[in-house]
Amino acid sequence: MSGVKRKRNVLNVKQKLEILQKLDNEEAASIDAEDTLNEGNTVSHSAALQSVETLLDYMEQRGFDYGDITAVRKICVDIRQEMNKQQEQKRITDFLKR
């Protein structure tokens with residue numbers, strides 16, 4: 001079996017920092033870390049949502065314009081809708097595989 005090469009998922013610096021920050025915040029980083037590994041160089045919906053929610057908190061604390069805050073909230077809604085859509089598609093696919 002020495003001729004078989006195993007594909008390695010290598011995290012970039014940004015992905016490593018995100019995982020370390022989640023560990024520092026005592027959040028469930030294992031799920032997000034697995035998402036990051038499975039999705040290669042793309043950002044998972046959960047990671048994107050967390051980043052946008054962090055931005056929203058920052059904007060609210062700093063007193064940003066209401067219109068800007070509303071736009072960021074809309075992004076959160078869009079990400080959640082996309083997550084729900086993908087989860088529904090996965091449920092349908094899993095059901096049809098049975």
# chains A, B, ... in the order shown; residues from 1 in each chain; ligands from 1
$ residues_around --residues "stretch 70-85 of chain A" --least-positions-apart "3" --cutoff "9 Å" --atoms "only C-alpha atoms" --output "list in words"
His45, Ser46, Ala48, Leu49, Gln50, Val52, Glu53, Leu55, Leu56, Asp65, Tyr66, Gly67, Glu88, Gln89 and Lys90 of chain A
$ atom_distance --atom1 "atom CA of A:Ile69" --atom2 "atom CA of A:Glu18"
23.5 Å
$ atom_distance --atom1 "atom CA of A:Ser44" --atom2 "atom CA of A:Glu60"
24.4 Å
$ atom_distance --atom1 "atom CA of A:Ser51" --atom2 "atom CA of A:Gly63"
18.4 Å
